[in-house]
Amino acid sequence: MRSLNPNLSDLPPHLYNLIYDNQMFTQLFPQDISGLTIGGVDGGYASRLFIGFDIFAFRAVAVFSTYTPEGIQKTTYYPTKTPPLEIAVSDVGLSLMDFENMGTIRRAITELQIASQVLEQSNKKLDILLLDGSPVIRKPLTKSRKILNYYQTYLSILSRLVLLARKQGIKMAWIVKDSRLNLFTKFLGQIIPFIVEEMSDILSLDYRRIIKRSRDMDLFYYLLEPNVRSMAYHRQFSISKQFNQEFTLYAYYLKTAPFDIPIRVELFQSIHRDQTDLTKEINFISEAILPVSQYNKNYGIPAPIVEADARAKIKKTEIDALFQLIRIRHPTPDLWFYRRKRAPWKF
Amino acid sequence: MAAIGTVVATPDSPSLENIEFIIDKNAQPQIERGQFVTIPKNKNQVVLGIITSIKKYNAYYETIDSSIHEISSRNYEAIFPIKEWENTLANAKPLGEINFTNERITRLKFPVSPGSKIYVASSSIVSKFLGLDKNGIYWGDLSSNNVKIRVSLSRLLRKHLAILAISGAGKSYAASILLEELHKTGSISVLVIDPHGEYSSMVPTNVENTNTKVIRGSFISIGIPELSAWEISEFIPEISVVQTRVLDNIISNIRKKNRNHYGLQDIIQIIDTSEKINVRTKEALIGWLYSLQRTHLFSTETSPNLSELFQPGKIVILDLSEITNLRSRSIIVLHFLSRLYYQRTRGEIPPSLFVIEEAHQFCPQGSRSISKRIIETIAREGRKFYASLCLISQRPVNLSVTALSQCNTNLILRIRNPYDQDFIGKTSEGIDRSTLKMIPDLEIGEALLVGEGINYPTFFRIRSRTFYNKVTSPDLETMADKYKEAWSVKRNTS
Ligand SMILES: Nc1ncnc2c1ncn2[C@@H]1O[C@H](COP(=O)(O)OP(=O)(O)OP(=O)(O)O)[C@@H](O)[C@H]1O
Ligand SMILES: [Mg+2]
């Protein structure tokens, strides 16, 4: 794609301000990560509706490995290798939508709490912390105070975490495995008229139709080659208020494995940093992510995320045991059971 | 004592049949298949189990597809904390519940809980469970539980013993340990039928050992005057009742003439010159008696006098290695076993053990052998008279089912032949599939004891010999060199 790398610095300001690179693609070089400690955080979540109350089970794990030229020197888990489940019961019957919002937000809170605790523990020497998913959770459309309160809690934990990471000099990035956004495709649609010459190859196709129907992932699956990232794009997120507008969120795509879709990386940056500084940091993080993501040509998720995911995941046997226990203690039929399995017929 | 692991919950564990547990990393070196473990239930009760299988598990390699081959493993393991997730899992079969207050062992009625800690069973619990006898025969060690396998002599031998394994697995070695122990106890007398002269080389040559006597085949003779016609006829499977009666007449006549110093030749002569016997009988009898004579086993006197040798604590080894003819060997076995057994039934000799090596030759299934009847008789009735058998064989399938099925205790060493394994599974009560599967993997000196002698089939290691000489058969190259040497000496001298 180097042959087709439009220069973006001549874009009109209203477009240029949305991005933080001067070119659409940046070639990267996987760095030697020996000596670095890279962490991953992920959470698991399971829930079930009972009659009269709802049950949520959460778990979040942080895992960090220190690398040497020979491979992993040491891996530490926080709080433990297999933390117990955290159980929450809500006794007001939630609507199905609220029930889902509740789960999502509380799971995110659990993850951020673990991440904060890891950062607070000074002895956990960390260089880079990767978190699973996107920090962006849209404000839920609900009247439930409880859920709105949880949402506020989420935002404040998130902002505290970002500040803490900066204070400690730890680089933090969120890794989105299956991006469904179309920020970039929209943006591309807008900038194409300005970069026509360079993009003539693409223009030979009916780009409007393609671009309109594509999501970022589809587009970058074709446009990016391994070890190449896209330009970083400014992502709107109402959290800026929490930071007094000081931090903004950037997102970019990074291709790690040749036959996997790219990952989306999101990170917060101070608006006071100058652009080359920011570019340097993005490249540093990317070049550290690459070596831990290149182990299979069909799969390119960073290893710390894979590992954290594996530990946080709540296994079916665990859920079954848990809900079985609850059913014994509170002999009411749970709603899923009620709806699906208690039907007197069988199709 | 530290726990060795934790019971995990899987679809089929913990149940009444199976307890799966994850082994602590530090405990791994001390865990073995066949080891006994306990799971405390409360202060007074533990569940006892035996480890039936051990496996390693790593979810990282669980869903390996073809694409993994593209990953250099160094790369994969350099990036992921794979070793952190290698787990060792084991399965234990629950055997019972031990109650310390009433000292009772009962069947497990309810599974243990997931998450329970699991421990190596103490030697006292295991000994009690297995019904070991602290004054019994010390045959070997269950080292993973720190238990000495001491088996009650009476339980081991009263209902006969069989030692079964492929050649070279250590049958004779195991039997020699038994002899060592019997020698120490000094209570019963033992006759060893040793077709290959293996036991004679185990006897100390440097010490004055008055309790073990080796009798070489070439020194054995059977005194014809001691035999009735019916006894002689047992050496001749083809003889008819009428013909035996004729022989009986002749022998009676000789005895009436007060002769008690006669041999086969004398009988042959009388038959030959007799005019009362018809020609066909005459020819048949003479032919058979000649064939007996050609064995050179018969004479006017029996030697040695086994009943005299047979004192409490004595071990008599009949070394038949010089006698290559199977029929001759069988004749010896028949004669001496019959004599000794008869005397035992009359209480003239101490309680006895008859150790028979290559038992499938002397007591075959499906084919005839001169010595088969007496061995089957002792197998069936010996218990009443405190005459016990120890049958040793590398081909259990070829061993008389009548005899083998009376051997209520089996010591099984390595067996590879699937027919033999199958056979053992069928004949040995109490061996389940998982136990049977372990038999081909046994190493030299490892054994499974099952049956009357022990409460539960137990794998253990035969102890080392202390008393008898260590015999190591020289390897093939050494033997070849020896032969060449001898050959060249011969050539040079001639
Ligand atoms: N428990 C043991 N400890 C040490 N060595 C052993 C043990 N058992 C057997 N051996 C050695 O293994 C070899 C074979 O043993 P042994 O002669 O007892 O086998 P076997 O089963 O009787 O064989 P065969 O069927 O040929 O008579 C011998 O050299 C013996 O010293
Ligand atoms: Mg042998």
# chains A, B, ... in the order shown; residues from 1 in each chain; ligands from 1
$ select_by_dssp --residues "segment 348-393 of chain B" --states "alpha helix (DSSP H)" --output "ChimeraX atom specification"
/B:359-362,372-381
$ residues_near_ligand --ligand "ligand 1" --cutoff "9 Å" --atoms "only C-alpha atoms and all ligand atoms" --output "PyMOL selection string"
chain B and resi 140+163-177+196+198+357-358+392-394+413-414+444-447+461-465+470-474
$ residues_around --residues "Ser34 of chain A" --least-positions-apart "3" --cutoff "6 Å" --atoms "only C-alpha atoms" --output "PyMOL selection string"
chain A and resi 67-69
$ write_last_selection --atoms "N, CA and C atoms" --output "short mmCIF file (atom, residue, chain, number, x, y, z; two decimals), in the first residue's frame"
data_model
loop_
_atom_site.label_atom_id
_atom_site.label_comp_id
_atom_site.auth_asym_id
_atom_site.auth_seq_id
_atom_site.Cartn_x
_atom_site.Cartn_y
_atom_site.Cartn_z
N TYR A 67 9.01 -10.07 29.01
CA TYR A 67 9.63 -10.79 27.91
C TYR A 67 11.14 -10.69 27.95
N THR A 68 11.76 -11.74 27.47
CA THR A 68 13.22 -11.76 27.31
C THR A 68 13.46 -12.20 25.87
N PRO A 69 14.69 -12.14 25.40
CA PRO A 69 14.93 -12.61 24.03
C PRO A 69 14.52 -14.07 23.85
#
$ interface_residues --of "chain A" --to "chain B" --cutoff "9 Å" --atoms "only C-alpha atoms" --output "list in words"
Ser65, Tyr67, Thr68, Pro69, Glu70, Gly71, Ile72, Gln73, Lys74, Thr75, Pro291, Val292, Ser293, Gln294, Tyr295, Asn296, Lys297, Asn298, Ala303, Pro304, Val306, Glu307 and Thr317 of chain A
$ residues_around --residues "segment 298-306 of chain B" --least-positions-apart "6" --cutoff "7 Å" --atoms "only C-alpha atoms" --output "ChimeraX atom specification"
/B:220-225,261-263
$ atom_distance --atom1 "atom CA of Lys184 of chain B" --atom2 "atom CA of Ser123 of chain B"
24.3 Å
$ residues_around --residues "segment 37-49 of chain B" --least-positions-apart "5" --cutoff "8 Å" --atoms "only C-alpha atoms" --output "list of chain:residue names"
B:Ala92, B:Lys93, B:Pro94, B:Leu95, B:Gly96, B:Glu97, B:Ile98, B:Asn99, B:Phe100, B:Thr101, B:Leu108, B:Val112, B:Ser116, B:Lys117, B:Ile118, B:Tyr119, B:Val120, B:Ala121
$ residues_around --residues "Gly197 of chain B" --least-positions-apart "6" --cutoff "9 Å" --atoms "only C-alpha atoms" --output "list in words"
Arg216, Ile317, Leu318, Asp319, Leu320, Ser321 and Glu322 of chain B
$ decode --residues "segment 232-245 of chain B" --atoms "all heavy atoms" --output "JSON list (two decimals), in the first residue's frame"
[["chain", "number", "residue", "atom", "x", "y", "z"],
["B", 232, "ILE", "N", 3.03, -97.65, 38.41],
["B", 232, "ILE", "CA", 3.83, -97.72, 37.18],
["B", 232, "ILE", "C", 2.96, -97.37, 35.97],
["B", 232, "ILE", "O", 3.39, -96.66, 35.07],
["B", 232, "ILE", "CB", 4.46, -99.13, 37.02],
["B", 232, "ILE", "CG1", 5.50, -99.36, 38.12],
["B", 232, "ILE", "CG2", 5.10, -99.29, 35.64],
["B", 232, "ILE", "CD1", 6.11, -100.75, 38.14],
["B", 233, "SER", "N", 1.74, -97.84, 36.01],
["B", 233, "SER", "CA", 0.89, -97.62, 34.85],
["B", 233, "SER", "C", 0.61, -96.13, 34.62],
["B", 233, "SER", "O", 0.27, -95.71, 33.52],
["B", 233, "SER", "CB", -0.43, -98.37, 35.00],
["B", 233, "SER", "OG", -1.21, -97.74, 35.99],
["B", 234, "GLU", "N", 0.77, -95.35, 35.67],
["B", 234, "GLU", "CA", 0.57, -93.90, 35.47],
["B", 234, "GLU", "C", 1.64, -93.30, 34.57],
["B", 234, "GLU", "O", 1.44, -92.23, 33.99],
["B", 234, "GLU", "CB", 0.57, -93.18, 36.82],
["B", 234, "GLU", "CG", -0.74, -93.37, 37.56],
["B", 234, "GLU", "CD", -0.99, -92.21, 38.50],
["B", 234, "GLU", "OE1", -1.14, -91.08, 38.01],
["B", 234, "GLU", "OE2", -1.00, -92.45, 39.73],
["B", 235, "PHE", "N", 2.79, -93.96, 34.53],
["B", 235, "PHE", "CA", 3.85, -93.46, 33.65],
["B", 235, "PHE", "C", 3.59, -93.84, 32.20],
["B", 235, "PHE", "O", 4.28, -93.40, 31.29],
["B", 235, "PHE", "CB", 5.23, -94.05, 34.06],
["B", 235, "PHE", "CG", 5.61, -93.75, 35.49],
["B", 235, "PHE", "CD1", 6.20, -94.73, 36.28],
["B", 235, "PHE", "CD2", 5.38, -92.49, 36.03],
["B", 235, "PHE", "CE1", 6.56, -94.46, 37.60],
["B", 235, "PHE", "CE2", 5.73, -92.22, 37.35],
["B", 235, "PHE", "CZ", 6.32, -93.20, 38.13],
["B", 236, "ILE", "N", 2.61, -94.75, 32.00],
["B", 236, "ILE", "CA", 2.33, -95.26, 30.66],
["B", 236, "ILE", "C", 0.89, -94.91, 30.32],
["B", 236, "ILE", "O", -0.03, -95.68, 30.62],
["B", 236, "ILE", "CB", 2.53, -96.80, 30.63],
["B", 236, "ILE", "CG1", 3.89, -97.16, 31.23],
["B", 236, "ILE", "CG2", 2.39, -97.33, 29.21],
["B", 236, "ILE", "CD1", 4.01, -98.62, 31.61],
["B", 237, "PRO", "N", 0.66, -93.78, 29.75],
["B", 237, "PRO", "CA", -0.71, -93.32, 29.55],
["B", 237, "PRO", "C", -1.54, -94.30, 28.70],
["B", 237, "PRO", "O", -2.75, -94.37, 28.87],
["B", 237, "PRO", "CB", -0.53, -91.99, 28.80],
["B", 237, "PRO", "CG", 0.87, -91.57, 29.07],
["B", 237, "PRO", "CD", 1.66, -92.83, 29.27],
["B", 238, "GLU", "N", -0.89, -95.09, 27.82],
["B", 238, "GLU", "CA", -1.65, -95.92, 26.87],
["B", 238, "GLU", "C", -2.09, -97.25, 27.48],
["B", 238, "GLU", "O", -2.87, -97.98, 26.89],
["B", 238, "GLU", "CB", -0.79, -96.21, 25.63],
["B", 238, "GLU", "CG", -0.24, -94.98, 24.92],
["B", 238, "GLU", "CD", 1.11, -94.52, 25.49],
["B", 238, "GLU", "OE1", 1.47, -94.95, 26.61],
["B", 238, "GLU", "OE2", 1.79, -93.73, 24.82],
["B", 239, "ILE", "N", -1.60, -97.57, 28.64],
["B", 239, "ILE", "CA", -1.84, -98.91, 29.18],
["B", 239, "ILE", "C", -3.31, -99.09, 29.55],
["B", 239, "ILE", "O", -3.98, -98.14, 29.99],
["B", 239, "ILE", "CB", -0.92, -99.15, 30.42],
["B", 239, "ILE", "CG1", -0.76, -100.64, 30.71],
["B", 239, "ILE", "CG2", -1.46, -98.44, 31.65],
["B", 239, "ILE", "CD1", 0.35, -100.93, 31.71],
["B", 240, "SER", "N", -3.82, -100.31, 29.34],
["B", 240, "SER", "CA", -5.24, -100.56, 29.66],
["B", 240, "SER", "C", -5.34, -101.18, 31.06],
["B", 240, "SER", "O", -4.34, -101.59, 31.65],
["B", 240, "SER", "CB", -5.84, -101.53, 28.64],
["B", 240, "SER", "OG", -5.29, -102.81, 28.85],
["B", 241, "VAL", "N", -6.57, -101.24, 31.54],
["B", 241, "VAL", "CA", -6.78, -101.77, 32.89],
["B", 241, "VAL", "C", -6.38, -103.24, 32.93],
["B", 241, "VAL", "O", -5.73, -103.71, 33.88],
["B", 241, "VAL", "CB", -8.26, -101.61, 33.30],
["B", 241, "VAL", "CG1", -8.50, -102.18, 34.70],
["B", 241, "VAL", "CG2", -8.65, -100.15, 33.24],
["B", 242, "VAL", "N", -6.73, -103.98, 31.88],
["B", 242, "VAL", "CA", -6.41, -105.41, 31.84],
["B", 242, "VAL", "C", -4.91, -105.60, 31.88],
["B", 242, "VAL", "O", -4.38, -106.42, 32.63],
["B", 242, "VAL", "CB", -6.99, -106.04, 30.55],
["B", 242, "VAL", "CG1", -6.65, -107.52, 30.49],
["B", 242, "VAL", "CG2", -8.49, -105.82, 30.50],
["B", 243, "GLN", "N", -4.22, -104.78, 31.09],
["B", 243, "GLN", "CA", -2.77, -104.89, 31.04],
["B", 243, "GLN", "C", -2.15, -104.53, 32.39],
["B", 243, "GLN", "O", -1.20, -105.16, 32.85],
["B", 243, "GLN", "CB", -2.21, -103.99, 29.94],
["B", 243, "GLN", "CG", -2.56, -104.50, 28.54],
["B", 243, "GLN", "CD", -2.41, -103.43, 27.48],
["B", 243, "GLN", "OE1", -2.49, -102.24, 27.78],
["B", 243, "GLN", "NE2", -2.22, -103.86, 26.25],
["B", 244, "THR", "N", -2.72, -103.54, 33.05],
["B", 244, "THR", "CA", -2.21, -103.17, 34.36],
["B", 244, "THR", "C", -2.39, -104.33, 35.34],
["B", 244, "THR", "O", -1.53, -104.60, 36.17],
["B", 244, "THR", "CB", -2.94, -101.92, 34.88],
["B", 244, "THR", "OG1", -2.89, -100.92, 33.89],
["B", 244, "THR", "CG2", -2.29, -101.39, 36.16],
["B", 245, "ARG", "N", -3.53, -104.99, 35.20],
["B", 245, "ARG", "CA", -3.79, -106.11, 36.09],
["B", 245, "ARG", "C", -2.75, -107.22, 35.89],
["B", 245, "ARG", "O", -2.28, -107.83, 36.85],
["B", 245, "ARG", "CB", -5.21, -106.65, 35.86],
["B", 245, "ARG", "CG", -5.86, -107.07, 37.18],
["B", 245, "ARG", "CD", -7.32, -107.36, 37.00],
["B", 245, "ARG", "NE", -8.14, -106.17, 37.09],
["B", 245, "ARG", "CZ", -9.20, -105.93, 36.30],
["B", 245, "ARG", "NH1", -9.52, -106.77, 35.33],
["B", 245, "ARG", "NH2", -9.91, -104.85, 36.48]]
